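*Asks:* Quick one: structure below, then a few questions.
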Amino acid sequence: MLKDKVALVTGASRGIGRSVARALAREGAHVIAVARTVGGLEELDDEIKTAGGSATLVPLDLTDYAGIDRLGGAIYERWKRLDILVANAGILGAISPLGHVEPKTWDDTMAVNVTANWRLIRALDPLLRQAPAGRAIFVTSGAARNLRAYWGPYSVSKAALEALVGTYANEIAKTDVRANLINPGPTRTAMRAKAMPGEDPKSLPHADSLAEAFLRLASAEFTENGQVFDARSARFSALCEA
Ligand code: NDP
């Protein structure tokens with residue numbers, strides 16, 4: 001149960017982030033839902049309220065780094081701490097040979113997938129440390145290590161994210177905070193449809209099927225640190241049952 005916990009989820013307007021936000025709220029957490037699309041956030045708010053939970057909506061472009069700092073300040077003012085961070089927002093960039101990638105596409109992909117997550121750490125680490133058992137979960141991809149042709153911006157950004165979170169995990173190792181990464185695996189979302197337009201979305205699991213993995217890493221009892229978990233691996237399932 002996450003009753004009275006405060007959980008921030010980025011990319012909560014759709015896809016994996018929206019499913020995780022719903023699950024956290026269902027377990028009793030107050031969800032701070034961040035994304036740009038107000039309509040998606042409002043639909044999430046309706047879903048959460050209908051299920052008896054509560055949320056605060058934060059329409060924010062995560063490349064507005066000063067906005068991330070302001071958000072940290074607002075969370076401090078209201079709650080004095082942050083129990084759970086789910087840094088899920090991400091973009092695919094372009095599927096294209098490296099030599100054809102537009103510089104803006106490269107910069108945007110790094111901005112959302114890497115720099116925004118560093119700015120979240122920078123703004124929220126003091127608040128996670130104020131929580132009795134702060135838990136930070138970042139969302140990576142198999143593409144961080146499986147370096148497929150034409151997936152350059154995305155692969156590089158997720159590899160950098162894993163280095164970022166691994167570094168952060170070492171810095172907090174002696175505190176009560178834990179930071180880990182989840183690789184969701186292929187999941188039926190808008191991003192996956194953009195990456196694999198020929199694929200039948202119905203052949204993929206719904207994002208709701210990932211909720212248990214996120215809830216597990218968000219719990220105070222989960223004390224691993226600096227690890228990458230494949231949400232659908234046998235290793236992770238065994239860990240959840242332990
Ligand atoms: P979606 O495209 O469905 O959702 C992405 C979310 O990120 C949206 O809520 C979007 O909100 C938000 N977002 C994107 N850019 C910004 C921005 N500049 N500021 C604020 N929010 C932003 O993708 P998924 O749900 O599939 O992806 C979620 C995570 O899972 C990503 O990190 C992705 O890399 C990872 N992943 C996904 C896989 C899959 O198969 N789906 C596989 C492996 C990893 P909005 O547009 O409203 O701002």
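Chain labels run A, B, ... following the order of the structure tokens; each chain numbers its residues from 1, and ligands are numbered from 1 in the order shown.
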Using only C-alpha atoms and all ligand atoms, find each residue in chain A having at least one atom no more than 9 Å away from ligand 1; report its shortest atom-to-atom pair and that distance in Å (one decimal), rows by chain then rising number, as a tab-separated table.
*Replies:*
```
residue	atom	partner	partner_atom_place_in_ligand_line	distance
A:Thr10	CA	ligand 1	21 (N)	6.2
A:Gly11	CA	ligand 1	9 (O)	3.2
A:Ala12	CA	ligand 1	9 (O)	4.6
A:Ser13	CA	ligand 1	9 (O)	4.1
A:Arg14	CA	ligand 1	9 (O)	4.5
A:Gly15	CA	ligand 1	25 (O)	3.5
A:Ile16	CA	ligand 1	25 (O)	3.8
A:Gly17	CA	ligand 1	25 (O)	5.7
A:Arg18	CA	ligand 1	9 (O)	6.9
A:Ser19	CA	ligand 1	25 (O)	8.7
A:Val34	CA	ligand 1	20 (C)	6.5
A:Ala35	CA	ligand 1	21 (N)	3.9
A:Arg36	CA	ligand 1	48 (O)	3.5
A:Thr37	CA	ligand 1	47 (O)	3.6
A:Val38	CA	ligand 1	47 (O)	7.0
A:Gly39	CA	ligand 1	47 (O)	8.3
A:Gly40	CA	ligand 1	47 (O)	6.6
A:Leu41	CA	ligand 1	47 (O)	7.7
A:Pro59	CA	ligand 1	20 (C)	7.8
A:Leu60	CA	ligand 1	20 (C)	5.8
A:Asp61	CA	ligand 1	19 (N)	3.6
A:Leu62	CA	ligand 1	19 (N)	3.9
A:Thr63	CA	ligand 1	18 (N)	5.5
A:Asp64	CA	ligand 1	19 (N)	8.1
A:Ala87	CA	ligand 1	32 (O)	7.8
A:Asn88	CA	ligand 1	32 (O)	4.7
A:Ala89	CA	ligand 1	7 (O)	3.5
A:Gly90	CA	ligand 1	32 (O)	3.7
A:Ile91	CA	ligand 1	14 (C)	5.4
A:Leu92	CA	ligand 1	34 (O)	6.5
A:Asp108	CA	ligand 1	18 (N)	8.1
A:Thr109	CA	ligand 1	15 (N)	8.8
A:Ala111	CA	ligand 1	18 (N)	8.0
A:Val112	CA	ligand 1	18 (N)	5.5
A:Asn113	CA	ligand 1	32 (O)	6.9
A:Ala116	CA	ligand 1	18 (N)	8.5
A:Phe138	CA	ligand 1	32 (O)	7.9
A:Val139	CA	ligand 1	32 (O)	5.0
A:Thr140	CA	ligand 1	44 (C)	5.4
A:Ser141	CA	ligand 1	43 (C)	4.1
A:Gly142	CA	ligand 1	43 (C)	6.5
A:Ala143	CA	ligand 1	43 (C)	7.7
A:Tyr154	CA	ligand 1	34 (O)	7.8
A:Lys158	CA	ligand 1	34 (O)	7.6
A:Ile182	CA	ligand 1	44 (C)	8.3
A:Asn183	CA	ligand 1	43 (C)	5.7
A:Pro184	CA	ligand 1	43 (C)	5.1
A:Gly185	CA	ligand 1	42 (C)	4.6
A:Pro186	CA	ligand 1	40 (O)	3.5
A:Thr187	CA	ligand 1	40 (O)	3.8
A:Arg188	CA	ligand 1	41 (N)	5.9
A:Thr189	CA	ligand 1	3 (O)	4.6
A:Ala190	CA	ligand 1	3 (O)	4.3
A:Met191	CA	ligand 1	2 (O)	4.0
A:Arg192	CA	ligand 1	41 (N)	4.6
A:Ala193	CA	ligand 1	41 (N)	8.0
A:Lys194	CA	ligand 1	2 (O)	8.5
A:Ala195	CA	ligand 1	40 (O)	8.6
A:Leu204	CA	ligand 1	40 (O)	8.5
A:Ala207	CA	ligand 1	25 (O)	7.5
```
*Asks:* Tell me, as an MDAnalysis selection string, which residues lie within 9 Å of Phe214 of chain A, counting only C-alpha atoms; anything in the same chain fewer than 6 positions away does not count.
*Replies:* chainID A and resid 20 23:24 86 137 182 231
*Asks:* Atoms to include: N, CA and C atoms. Write the selected residues as a PDB file, in the first residue's frame.
*Replies:*
```pdb
ATOM      1  N   VAL A  20       1.065   3.620 -15.188  1.00  0.00           N
ATOM      2  CA  VAL A  20       1.774   3.584 -13.899  1.00  0.00           C
ATOM      3  C   VAL A  20       1.151   4.594 -12.936  1.00  0.00           C
ATOM      4  N   ALA A  23      -1.940   3.152 -11.494  1.00  0.00           N
ATOM      5  CA  ALA A  23      -1.655   2.077 -10.527  1.00  0.00           C
ATOM      6  C   ALA A  23      -1.174   2.657  -9.195  1.00  0.00           C
ATOM      7  N   LEU A  24      -0.312   3.677  -9.253  1.00  0.00           N
ATOM      8  CA  LEU A  24       0.176   4.301  -8.018  1.00  0.00           C
ATOM      9  C   LEU A  24      -0.987   4.920  -7.241  1.00  0.00           C
ATOM     10  N   VAL A  86       8.794   8.565 -10.820  1.00  0.00           N
ATOM     11  CA  VAL A  86       8.811   7.691 -11.996  1.00  0.00           C
ATOM     12  C   VAL A  86       9.139   8.582 -13.192  1.00  0.00           C
ATOM     13  N   ILE A 137      12.557   5.714 -10.120  1.00  0.00           N
ATOM     14  CA  ILE A 137      12.508   4.690 -11.175  1.00  0.00           C
ATOM     15  C   ILE A 137      12.581   5.408 -12.520  1.00  0.00           C
ATOM     16  N   ILE A 182      13.854   0.567 -15.259  1.00  0.00           N
ATOM     17  CA  ILE A 182      13.021  -0.504 -15.812  1.00  0.00           C
ATOM     18  C   ILE A 182      13.083  -0.423 -17.330  1.00  0.00           C
ATOM     19  N   ALA A 231      11.308  -5.631 -17.181  1.00  0.00           N
ATOM     20  CA  ALA A 231      10.049  -5.816 -16.445  1.00  0.00           C
ATOM     21  C   ALA A 231       9.415  -7.181 -16.694  1.00  0.00           C
TER      22      ALA A 231
END
```
*Asks:* As an NGL selection string, please: every residue in segment 6-218 of chain A that DSSP puts in alpha helix (DSSP H).
*Replies:* :A and (15-26 or 38-50 or 65-79 or 103-110 or 116-130 or 152-171 or 190-195 or 211-218)
*Asks:* Take atom CA of Ala55 of chain A and atom CA of Ala25 of chain A and report the distance between them in Å, one decimal.
*Replies:* 7.6 Å
*Asks:* Could you pull the residues within 12 Å of His100 of chain A, counting only C-alpha atoms, minus those fewer than 3 positions along the same chain, as a list in words?
*Replies:*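 So, after excluding close chain neighbours, the residues are Ala94, Ile95, Ser96, Pro97, Pro103, Lys104, Thr105, Trp106, Tyr150, Trp151, Gly152 and Pro153 of chain A.
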*Asks:* May I ask for the distance between atom CA of Leu147 of chain A and atom CA of Pro205 of chain A, given in Å to one decimal place?
*Replies:*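 So the answer is 23.3 Å.
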*Asks:* When you draw a straight line from atom CA of Ala123 of chain A to atom CA of Ala33 of chain A, how long is it in Å?
*Replies:*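 Taking atom CA of Ala123 of chain A and atom CA of Ala33 of chain A, their separation equals 16.2 Å.
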*Asks:* Hey, which of A:Ile32, A:Leu161, A:Val114, A:Val177 ends up closest to Pro126 of chain A? Count only C-alpha atoms.
*Replies:*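 Smallest distance to Pro126 of chain A is found for A:Val177.
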